[in-house]
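Worksheet: the structure to be examined is printed underneath.
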2 protein chains.
Amino acid sequence: MVDYEKIILAHGSGGKVMHSFLKDTLRAYLPIDRFYDSAILKIPSGDVAFTTDSFVVSPLFFPGGDIGSLAVYGTVNDLTMVGSEPRFISLSLIIEEGFPINDLNRILNSIREASKTAGVQVVTGDTKVVQKGKGDGIFINTAGIGVFSKEKMFTPDRIKPGDVIILSGSIGNHGMAVMAERNGLSFEPPVLSDTRPLNKLLEEVIEFSDSIHALRDPTRGGLATTLKEFALETNLCIEIDESNIPIKQQVRGACEILGLDPLYVANEGIFVAFVDEDMSKSVLERLRRHPYGKEASIIGKVKKSPGGMVLLNTEFGGTRMLDMLTGDQLPRIC
Amino acid sequence: MVDYEKIILAHGSGGKVMHSFLKDTLRAYLPIDRFYDSAILKIPSGDVAFTTDSFVVSPLFFPGGDIGSLAVYGTVNDLTMVGSEPRFISLSLIIEEGFPINDLNRILNSIREASKTAGVQVVTGDTKVVQKGKGDGIFINTAGIGVFSKEKMFTPDRIKPGDVIILSGSIGNHGMAVMAERNGLSFEPPVLSDTRPLNKLLEEVIEFSDSIHALRDPTRGGLATTLKEFALETNLCIEIDESNIPIKQQVRGACEILGLDPLYVANEGIFVAFVDEDMSKSVLERLRRHPYGKEASIIGKVKKSPGGMVLLNTEFGGTRMLDMLTGDQLPRIC
């Protein structure tokens, strides 16, 4: 068997080189038994959550994560946000010819570790190779299946006026970690991506699921865009207080240097929860016990009007209307 | 609202431009109700099939199909080959900055039509945009979920000596259609890709499912590679007759011009079935009644030894051992 140092077109050919890549390289990291056309899964009866995400983050490795862990947790988090328990993921690679096998192994290892941490299984996959100059290192798609073991489906139509808005952690960490790496900036302490599996944090408060009305992770577009989505979907008003939004000092500094508003910077390990007011303190307290929720804060509440609006009470005593992100301040952040 | 003619980075930003793209453009083609983090599906209890495929075919449009129909049918066929009924697919786009919106619309239309034809529903998706020069027009990932309504799971361990091998159609059409388009060749009659949904053909013979032991669609790597996979997985011998393998005259001609062996050329609309000898004539007859199965033929049978081997009885009376595809004669064929 030839030991390749770089990916060649034949790794995506369907032939001999691809088969030995699957059997020797991929299987060393991922416990895929057999390479049939589809995986066959045992799923308990009931509803199933299904999602997909492609990851094109650049650079591939950044402080606090890499494209591999991001691809696993991104899909795990999408499954978690509707209230399902992530179980199975698919893994599809589009690799550029010439990509170093060492980097691929590092990414596969990261996928393995992330799958273990999140408690999901990679059950099916695909590998394609494109010519040099027709891709950018590696793009990864993961799709995922989650199951609902209890009645706890979170959807925006459950949100009502009076709901308290809890943010599970500080904002801007992922986006600024990737931007710092991309621009060769370093901060002290370093800015680390918050890439992590939110199903583990949600488990902490799942007993309060009746009081948790909706959840969403503010990824691309940041916190402001996510809140605006909710305001539009519910036709309610979301009012938040700037001084209650947790943000690390070094992230604030990085945003200032790069001229970015942290409210629009991508996150990969926090969620916004709309919670019944009565239970909001208990949910907050419990979130703070978990390592992923130590910075959780109540950032605002839902009001009846003006519908479709997000109002930010600024630190200086004014009020600012927040819209969705316009343009693209941070391309290829995930 | 701005009407864009080309994709810009902001189409993948998560912000305003992406939201209006999803609501106005994408929804015009695909009936996705709401853009939550995951779709929530009703699935009957029992086993579920799950698969994924990324499509990087170049060129994007070719005689008989395009990347859109290919992305739908490719995943539909993978779900069909294990015996499941394809139900739901996800759609993830990685688009290069500057990609014409008209081409995107044409592809989305093709996805819509293909989904209708195959009887599957696009239920969740994702859109990413990469800078000009970091992709190649568009790459599409589809993942899919199939359900098993009857006991009809096809796996290679059901194959036994004496099984008859049926090929559902002629070989080489997809690969040669793409290659002809790529190289500016034209044939009379034209070579058309066989991109099509095999679940519709399988329905024709599903009453014989007890006698159908295993199925696979010979895509990348072609018929020879697929048969070799089966030989290795079962440790049985597969013997086929060259003169019984259907191949269109113009495909044979195109292969000769380009110096390719049709046994290794990709297909997207045929399957190889391992069928109990007693029922093989009935299965063949029924397949031939369907438009997708008119050229179906018995091409060989399974023998006990030599295990792991594929033997081709040539038209000239000799015997040739077939191995998997080596190298990559046709990069980016799907």
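Going by the structure tokens order, chains are called A, B, ..., each with residues numbered from 1, while ligands are numbered from 1 in the order shown.
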
Within 7 Å of chain A, which residues of chain B are there when counting only C-alpha atoms? Please give them as JSON, numbers by chain.
{"B": [9, 10, 13, 14, 15, 16, 17, 37, 38, 39, 40, 41, 42, 43, 44, 45, 46, 47, 48, 49, 50, 51, 52, 53, 54, 78, 79, 81, 82, 90, 92, 124, 125, 126, 128, 130, 133, 134, 135, 136, 143, 220, 221, 225, 324, 325, 326, 327, 328, 331, 332]}

Got time to write the residues from that selection, C-alpha atoms, as a PDB file, in the first residue's frame?
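Listing of selection.pdb after writing:
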```
ATOM      1  CA  LEU B   9     -20.497  36.900   0.219  1.00  0.00           C
ATOM      2  CA  ALA B  10     -23.429  38.389   2.140  1.00  0.00           C
ATOM      3  CA  SER B  13     -23.566  35.852   6.093  1.00  0.00           C
ATOM      4  CA  GLY B  14     -26.504  34.784   8.219  1.00  0.00           C
ATOM      5  CA  GLY B  15     -27.798  38.358   7.979  1.00  0.00           C
ATOM      6  CA  LYS B  16     -30.308  40.328   5.989  1.00  0.00           C
ATOM      7  CA  VAL B  17     -29.258  39.363   2.464  1.00  0.00           C
ATOM      8  CA  ASP B  37     -32.378  25.021  13.394  1.00  0.00           C
ATOM      9  CA  SER B  38     -33.704  21.562  12.512  1.00  0.00           C
ATOM     10  CA  ALA B  39     -36.671  20.118  10.690  1.00  0.00           C
ATOM     11  CA  ILE B  40     -39.006  17.994  12.793  1.00  0.00           C
ATOM     12  CA  LEU B  41     -40.225  14.894  10.994  1.00  0.00           C
ATOM     13  CA  LYS B  42     -42.844  12.258  11.638  1.00  0.00           C
ATOM     14  CA  ILE B  43     -41.219   8.897  11.098  1.00  0.00           C
ATOM     15  CA  PRO B  44     -42.926   5.533  11.497  1.00  0.00           C
ATOM     16  CA  SER B  45     -41.313   3.370  14.148  1.00  0.00           C
ATOM     17  CA  GLY B  46     -38.699   0.893  13.018  1.00  0.00           C
ATOM     18  CA  ASP B  47     -35.394   1.150  11.248  1.00  0.00           C
ATOM     19  CA  VAL B  48     -34.327   4.198   9.341  1.00  0.00           C
ATOM     20  CA  ALA B  49     -31.764   4.542   6.537  1.00  0.00           C
ATOM     21  CA  PHE B  50     -29.434   7.555   6.592  1.00  0.00           C
ATOM     22  CA  THR B  51     -26.945   8.613   3.937  1.00  0.00           C
ATOM     23  CA  THR B  52     -24.994  11.614   2.648  1.00  0.00           C
ATOM     24  CA  ASP B  53     -23.299  12.648  -0.588  1.00  0.00           C
ATOM     25  CA  SER B  54     -21.553  15.781  -1.757  1.00  0.00           C
ATOM     26  CA  ASP B  78     -28.298   5.342  -1.943  1.00  0.00           C
ATOM     27  CA  LEU B  79     -31.372   5.093   0.289  1.00  0.00           C
ATOM     28  CA  MET B  81     -30.106   0.382  -2.459  1.00  0.00           C
ATOM     29  CA  VAL B  82     -30.455  -0.794   1.158  1.00  0.00           C
ATOM     30  CA  SER B  90     -31.427  17.980   3.291  1.00  0.00           C
ATOM     31  CA  SER B  92     -26.605  22.253   1.632  1.00  0.00           C
ATOM     32  CA  THR B 124     -33.812  21.416   5.822  1.00  0.00           C
ATOM     33  CA  GLY B 125     -30.843  23.213   4.333  1.00  0.00           C
ATOM     34  CA  ASP B 126     -27.840  25.453   4.603  1.00  0.00           C
ATOM     35  CA  LYS B 128     -22.473  29.020   2.554  1.00  0.00           C
ATOM     36  CA  VAL B 130     -16.808  31.219  -0.363  1.00  0.00           C
ATOM     37  CA  GLY B 133     -11.349  31.339  -6.560  1.00  0.00           C
ATOM     38  CA  LYS B 134     -11.966  29.293  -3.390  1.00  0.00           C
ATOM     39  CA  GLY B 135     -14.637  27.039  -4.850  1.00  0.00           C
ATOM     40  CA  ASP B 136     -15.896  26.094  -8.308  1.00  0.00           C
ATOM     41  CA  ALA B 143     -28.242  13.864   3.112  1.00  0.00           C
ATOM     42  CA  ARG B 220     -17.905   6.220  -9.178  1.00  0.00           C
ATOM     43  CA  GLY B 221     -15.589   3.368 -10.138  1.00  0.00           C
ATOM     44  CA  THR B 225     -15.449  -1.648  -8.986  1.00  0.00           C
ATOM     45  CA  MET B 324     -11.238  -1.984  -8.666  1.00  0.00           C
ATOM     46  CA  LEU B 325     -10.574   1.218 -10.549  1.00  0.00           C
ATOM     47  CA  THR B 326      -6.998   2.373 -10.078  1.00  0.00           C
ATOM     48  CA  GLY B 327      -6.093   6.050 -10.318  1.00  0.00           C
ATOM     49  CA  ASP B 328      -8.832   8.423 -11.315  1.00  0.00           C
ATOM     50  CA  PRO B 331     -12.364  13.195 -11.763  1.00  0.00           C
ATOM     51  CA  ARG B 332     -15.467  15.059 -10.561  1.00  0.00           C
TER      52      ARG B 332
END
```

Which residues come within 10 Å of segment 104-109 of chain B, counting only C-alpha atoms, excluding same-chain residues fewer than 6 positions away, as a CSV table (one decimal) with N, CA and C atoms, in the first residue's frame?
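Ended up saving to out.csv:
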```
chain,number,residue,atom,x,y,z
B,6,LYS,N,-25.7,38.2,-9.2
B,6,LYS,CA,-24.7,37.2,-8.8
B,6,LYS,C,-24.6,37.0,-7.3
B,7,ILE,N,-24.2,35.9,-6.9
B,7,ILE,CA,-24.0,35.6,-5.5
B,7,ILE,C,-22.9,36.4,-4.9
B,25,THR,N,-35.9,33.7,-2.8
B,25,THR,CA,-35.4,32.8,-3.9
B,25,THR,C,-35.7,31.4,-3.6
B,26,LEU,N,-35.1,30.9,-2.5
B,26,LEU,CA,-35.2,29.5,-2.2
B,26,LEU,C,-36.6,29.0,-2.0
B,27,ARG,N,-37.4,29.7,-1.3
B,27,ARG,CA,-38.7,29.3,-1.0
B,27,ARG,C,-39.6,29.3,-2.2
B,28,ALA,N,-39.2,30.1,-3.3
B,28,ALA,CA,-39.9,30.0,-4.5
B,28,ALA,C,-39.9,28.6,-5.2
B,29,TYR,N,-38.8,27.9,-4.8
B,29,TYR,CA,-38.6,26.6,-5.4
B,29,TYR,C,-39.0,25.5,-4.5
B,30,LEU,N,-38.6,25.7,-3.2
B,30,LEU,CA,-38.7,24.5,-2.3
B,30,LEU,C,-39.7,24.9,-1.2
B,60,LEU,N,-21.5,21.8,-14.5
B,60,LEU,CA,-22.7,21.7,-13.7
B,60,LEU,C,-23.9,21.2,-14.5
B,61,PHE,N,-23.9,21.5,-15.7
B,61,PHE,CA,-25.0,21.1,-16.6
B,61,PHE,C,-24.5,20.2,-17.7
B,66,ASP,N,-28.2,17.6,-14.4
B,66,ASP,CA,-27.4,18.7,-13.9
B,66,ASP,C,-27.1,18.4,-12.5
B,67,ILE,N,-26.3,19.2,-11.8
B,67,ILE,CA,-25.9,18.9,-10.4
B,67,ILE,C,-27.1,18.9,-9.5
B,68,GLY,N,-28.2,19.6,-9.9
B,68,GLY,CA,-29.3,19.6,-9.0
B,68,GLY,C,-30.1,18.2,-9.0
B,69,SER,N,-30.4,17.7,-10.2
B,69,SER,CA,-31.1,16.4,-10.3
B,69,SER,C,-30.2,15.3,-9.7
B,95,ILE,N,-21.5,27.9,-2.4
B,95,ILE,CA,-21.5,28.6,-3.6
B,95,ILE,C,-20.3,29.5,-3.7
B,115,SER,N,-37.1,16.2,-6.9
B,115,SER,CA,-37.8,15.8,-5.7
B,115,SER,C,-39.2,15.3,-5.9
B,137,GLY,N,-17.9,27.3,-8.7
B,137,GLY,CA,-19.3,27.5,-9.0
B,137,GLY,C,-20.2,27.1,-7.9
B,138,ILE,N,-20.6,25.8,-7.8
B,138,ILE,CA,-21.4,25.4,-6.7
B,138,ILE,C,-21.1,23.9,-6.4
```

Excluding Gly259 of chain B and residues on its chain fewer than 5 positions from it, collect all residues at most 12 Å away from it, counting only C-alpha atoms, and give them as an MDAnalysis selection string.
chainID B and resid 176 179 251:254 264:265 329:330

Generate a file of the selected residues that holds C-alpha atoms, formatted as a compact mmCIF listing (two decimals), in the first residue's frame.
```
# COMPACT_ATOMS: atom_id res chain seq x y z
CA MET B 176 -19.57 9.67 -20.91
CA MET B 179 -16.98 13.77 -20.28
CA VAL B 251 -21.13 5.18 -25.40
CA ARG B 252 -18.85 2.46 -26.70
CA GLY B 253 -17.67 4.88 -29.37
CA ALA B 254 -17.10 7.71 -26.90
CA TYR B 264 -15.03 1.63 -14.96
CA VAL B 265 -17.19 4.56 -16.05
CA GLN B 329 -9.70 8.37 -14.98
CA LEU B 330 -12.70 10.67 -14.57
```

Residues within 6 Å of Gly308 of chain B, please, as a tab-separated table (two decimals) with N, CA, C and O atoms, in the first residue's frame. Count only C-alpha atoms; anything in the same chain fewer than 2 positions from it doesn't count.
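New file out_6.tsv:
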```
chain	number	residue	atom	x	y	z
B	231	ALA	N	-17.52	-8.92	-4.30
B	231	ALA	CA	-16.70	-10.13	-4.22
B	231	ALA	C	-15.88	-10.14	-2.93
B	231	ALA	O	-15.79	-11.16	-2.24
B	232	LEU	N	-15.32	-8.99	-2.59
B	232	LEU	CA	-14.50	-8.90	-1.38
B	232	LEU	C	-15.36	-9.00	-0.11
B	232	LEU	O	-14.98	-9.66	0.85
B	235	ASN	N	-16.61	-12.66	0.00
B	235	ASN	CA	-15.60	-13.69	-0.28
B	235	ASN	C	-16.12	-14.78	-1.21
B	235	ASN	O	-15.79	-15.96	-1.07
B	236	LEU	N	-16.94	-14.37	-2.15
B	236	LEU	CA	-17.42	-15.29	-3.19
B	236	LEU	C	-16.83	-14.82	-4.52
B	236	LEU	O	-16.19	-13.78	-4.61
B	237	CYS	N	-17.07	-15.64	-5.57
B	237	CYS	CA	-16.58	-15.29	-6.90
B	237	CYS	C	-17.75	-14.78	-7.75
B	237	CYS	O	-18.84	-15.36	-7.73
```

Determine which residues of segment 120-224 of chain B DSSP labels as strand (DSSP E) from the backbone of this structure, then write them out as an MDAnalysis selection string.
chainID B and resid 121:130 138:147 164:167 212:216

Contacts of Glu315 of chain A within 9 Å, only C-alpha atoms, excl. fewer than 2 positions in-chain, as a PDB file with N, CA, C and O atoms, in the first residue's frame:
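Just written: out-v8.pdb:
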```pdb
ATOM      1  N   ASP A 241     -30.856  44.669  27.718  1.00  0.00           N
ATOM      2  CA  ASP A 241     -30.008  45.682  28.348  1.00  0.00           C
ATOM      3  C   ASP A 241     -28.548  45.406  28.023  1.00  0.00           C
ATOM      4  O   ASP A 241     -28.016  44.351  28.378  1.00  0.00           O
ATOM      5  N   GLU A 242     -27.907  46.347  27.376  1.00  0.00           N
ATOM      6  CA  GLU A 242     -26.513  46.183  26.964  1.00  0.00           C
ATOM      7  C   GLU A 242     -25.612  45.815  28.149  1.00  0.00           C
ATOM      8  O   GLU A 242     -24.738  44.959  28.038  1.00  0.00           O
ATOM      9  N   SER A 243     -25.869  46.449  29.300  1.00  0.00           N
ATOM     10  CA  SER A 243     -24.971  46.243  30.443  1.00  0.00           C
ATOM     11  C   SER A 243     -25.067  44.822  31.006  1.00  0.00           C
ATOM     12  O   SER A 243     -24.193  44.382  31.745  1.00  0.00           O
ATOM     13  N   ASN A 313     -31.304  48.726  25.299  1.00  0.00           N
ATOM     14  CA  ASN A 313     -31.051  49.838  26.218  1.00  0.00           C
ATOM     15  C   ASN A 313     -29.544  49.925  26.407  1.00  0.00           C
ATOM     16  O   ASN A 313     -28.923  49.020  26.952  1.00  0.00           O
ATOM     17  N   GLY A 317     -27.622  54.897  28.556  1.00  0.00           N
ATOM     18  CA  GLY A 317     -28.967  55.357  28.886  1.00  0.00           C
ATOM     19  C   GLY A 317     -29.878  55.600  27.701  1.00  0.00           C
ATOM     20  O   GLY A 317     -31.036  55.961  27.869  1.00  0.00           O
ATOM     21  N   GLY A 318     -29.371  55.371  26.480  1.00  0.00           N
ATOM     22  CA  GLY A 318     -30.218  55.552  25.300  1.00  0.00           C
ATOM     23  C   GLY A 318     -30.869  54.240  24.890  1.00  0.00           C
ATOM     24  O   GLY A 318     -30.697  53.203  25.542  1.00  0.00           O
TER      25      GLY A 318
END
```

Between atom CA of Arg112 of chain B and atom CA of Leu198 of chain B, what is the spacing in Å?
17.2 Å

With only C-alpha atoms as the counted atoms, please give the residues lying no more than 12 Å from Ile270 of chain A, apart from itself and same-chain residues fewer than 5 positions off, as number ranges by chain.
A: 73-74, 77-78, 80-81, 166-174, 193-202, 215-219, 222-223, 226, 246, 287, 291-297

Output the selection as a short mmCIF file (atom, residue, chain, number, x, y, z; two decimals), in the first residue's frame - N, CA and C atoms for each residue.
```cif
data_model
loop_
_atom_site.label_atom_id
_atom_site.label_comp_id
_atom_site.auth_asym_id
_atom_site.auth_seq_id
_atom_site.Cartn_x
_atom_site.Cartn_y
_atom_site.Cartn_z
N TYR A 73 -20.04 19.91 16.50
CA TYR A 73 -20.84 20.66 17.47
C TYR A 73 -21.88 21.55 16.79
N GLY A 74 -21.57 22.06 15.61
CA GLY A 74 -22.53 22.91 14.91
C GLY A 74 -23.83 22.16 14.66
N ASN A 77 -25.59 21.18 17.95
CA ASN A 77 -26.30 22.32 18.53
C ASN A 77 -27.60 22.63 17.79
N ASP A 78 -27.60 22.49 16.48
CA ASP A 78 -28.85 22.71 15.74
C ASP A 78 -29.91 21.69 16.14
N THR A 80 -30.03 20.23 19.06
CA THR A 80 -30.37 20.53 20.46
C THR A 80 -31.37 21.68 20.56
N MET A 81 -31.23 22.67 19.69
CA MET A 81 -32.04 23.89 19.81
C MET A 81 -33.54 23.65 19.61
N ILE A 166 -32.65 34.58 28.57
CA ILE A 166 -31.38 34.19 29.20
C ILE A 166 -30.37 33.90 28.10
N LEU A 167 -29.17 34.44 28.26
CA LEU A 167 -28.06 34.14 27.35
C LEU A 167 -27.12 33.24 28.13
N SER A 168 -26.73 32.10 27.52
CA SER A 168 -26.01 31.09 28.32
C SER A 168 -24.52 31.37 28.49
N GLY A 169 -23.98 32.35 27.77
CA GLY A 169 -22.54 32.62 27.93
C GLY A 169 -22.18 33.93 27.26
N SER A 170 -20.92 34.26 27.27
CA SER A 170 -20.50 35.56 26.73
C SER A 170 -20.43 35.50 25.21
N ILE A 171 -20.60 36.66 24.59
CA ILE A 171 -20.72 36.70 23.12
C ILE A 171 -19.39 37.05 22.43
N GLY A 172 -19.33 36.68 21.16
CA GLY A 172 -18.25 37.13 20.28
C GLY A 172 -16.99 36.28 20.28
N ASN A 173 -16.95 35.25 21.13
CA ASN A 173 -15.70 34.49 21.28
C ASN A 173 -15.29 33.75 20.01
N HIS A 174 -16.23 33.05 19.39
CA HIS A 174 -15.87 32.28 18.20
C HIS A 174 -15.39 33.19 17.07
N SER A 193 -12.27 30.35 20.79
CA SER A 193 -13.60 30.03 20.28
C SER A 193 -14.40 29.30 21.34
N ASP A 194 -15.71 29.51 21.35
CA ASP A 194 -16.57 28.79 22.31
C ASP A 194 -17.18 27.53 21.69
N THR A 195 -16.62 27.03 20.59
CA THR A 195 -17.11 25.80 19.95
C THR A 195 -17.30 24.67 20.99
N ARG A 196 -18.54 24.26 21.23
CA ARG A 196 -18.81 23.21 22.23
C ARG A 196 -20.23 22.70 22.09
N PRO A 197 -20.49 21.52 22.64
CA PRO A 197 -21.80 20.86 22.43
C PRO A 197 -22.85 21.33 23.44
N LEU A 198 -23.84 22.02 22.97
CA LEU A 198 -24.83 22.61 23.87
C LEU A 198 -25.83 21.59 24.44
N ASN A 199 -25.87 20.39 23.85
CA ASN A 199 -26.76 19.38 24.46
C ASN A 199 -26.33 19.08 25.89
N LYS A 200 -25.03 19.18 26.13
CA LYS A 200 -24.52 18.90 27.48
C LYS A 200 -24.96 19.97 28.47
N LEU A 201 -25.05 21.21 28.01
CA LEU A 201 -25.51 22.29 28.89
C LEU A 201 -27.02 22.21 29.09
N LEU A 202 -27.72 21.87 28.02
CA LEU A 202 -29.19 21.81 28.12
C LEU A 202 -29.64 20.71 29.09
N LEU A 215 -35.40 28.15 22.07
CA LEU A 215 -33.94 28.21 22.17
C LEU A 215 -33.38 28.48 20.78
N ARG A 216 -32.26 29.18 20.72
CA ARG A 216 -31.55 29.26 19.45
C ARG A 216 -30.10 29.63 19.75
N ASP A 217 -29.18 29.11 18.94
CA ASP A 217 -27.78 29.49 19.13
C ASP A 217 -27.42 30.59 18.14
N PRO A 218 -26.96 31.72 18.64
CA PRO A 218 -26.67 32.85 17.75
C PRO A 218 -25.33 32.67 17.04
N THR A 219 -25.37 31.97 15.90
CA THR A 219 -24.13 31.71 15.15
C THR A 219 -23.91 32.87 14.16
N GLY A 222 -24.72 36.69 14.63
CA GLY A 222 -24.57 37.06 16.03
C GLY A 222 -25.89 37.19 16.79
N LEU A 223 -25.75 37.63 18.04
CA LEU A 223 -26.90 37.74 18.95
C LEU A 223 -27.99 38.66 18.38
N THR A 226 -30.09 36.97 15.62
CA THR A 226 -30.95 35.93 16.19
C THR A 226 -32.15 36.53 16.91
N PRO A 246 -23.06 39.52 28.69
CA PRO A 246 -21.68 39.18 29.06
C PRO A 246 -20.76 39.20 27.85
N LEU A 287 -27.94 26.76 35.12
CA LEU A 287 -27.01 26.93 33.99
C LEU A 287 -25.62 27.30 34.50
N PRO A 291 -19.95 24.08 33.51
CA PRO A 291 -18.82 24.85 32.97
C PRO A 291 -19.17 25.68 31.73
N TYR A 292 -20.10 25.19 30.90
CA TYR A 292 -20.45 25.95 29.70
C TYR A 292 -21.40 27.11 30.00
N GLY A 293 -21.91 27.18 31.25
CA GLY A 293 -22.93 28.18 31.55
C GLY A 293 -22.53 29.17 32.64
N LYS A 294 -21.26 29.17 32.98
CA LYS A 294 -20.81 30.00 34.11
C LYS A 294 -21.12 31.48 33.94
N GLU A 295 -21.14 31.94 32.69
CA GLU A 295 -21.39 33.37 32.44
C GLU A 295 -22.85 33.67 32.09
N ALA A 296 -23.72 32.68 32.26
CA ALA A 296 -25.13 32.88 31.88
C ALA A 296 -25.71 34.11 32.56
N SER A 297 -26.55 34.84 31.82
CA SER A 297 -27.14 36.07 32.35
C SER A 297 -28.54 36.27 31.81
#
```

Atom CA of Glu188 of chain B to atom CA of Glu113 of chain B measures 27.3 Å

Could you jot down the atom CA of Pro190 of chain B to atom CA of Phe316 of chain B separation for me, Å, one decimal place?
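Atom CA of Phe316 of chain B lies at a distance of 28.4 Å from atom CA of Pro190 of chain B.
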
Using backbone DSSP assignments, extract all helix (DSSP H, G or I) residues from segment 222-255 of chain B; output them as a PyMOL selection string.
chain B and resi 222-234+242-244+249-255
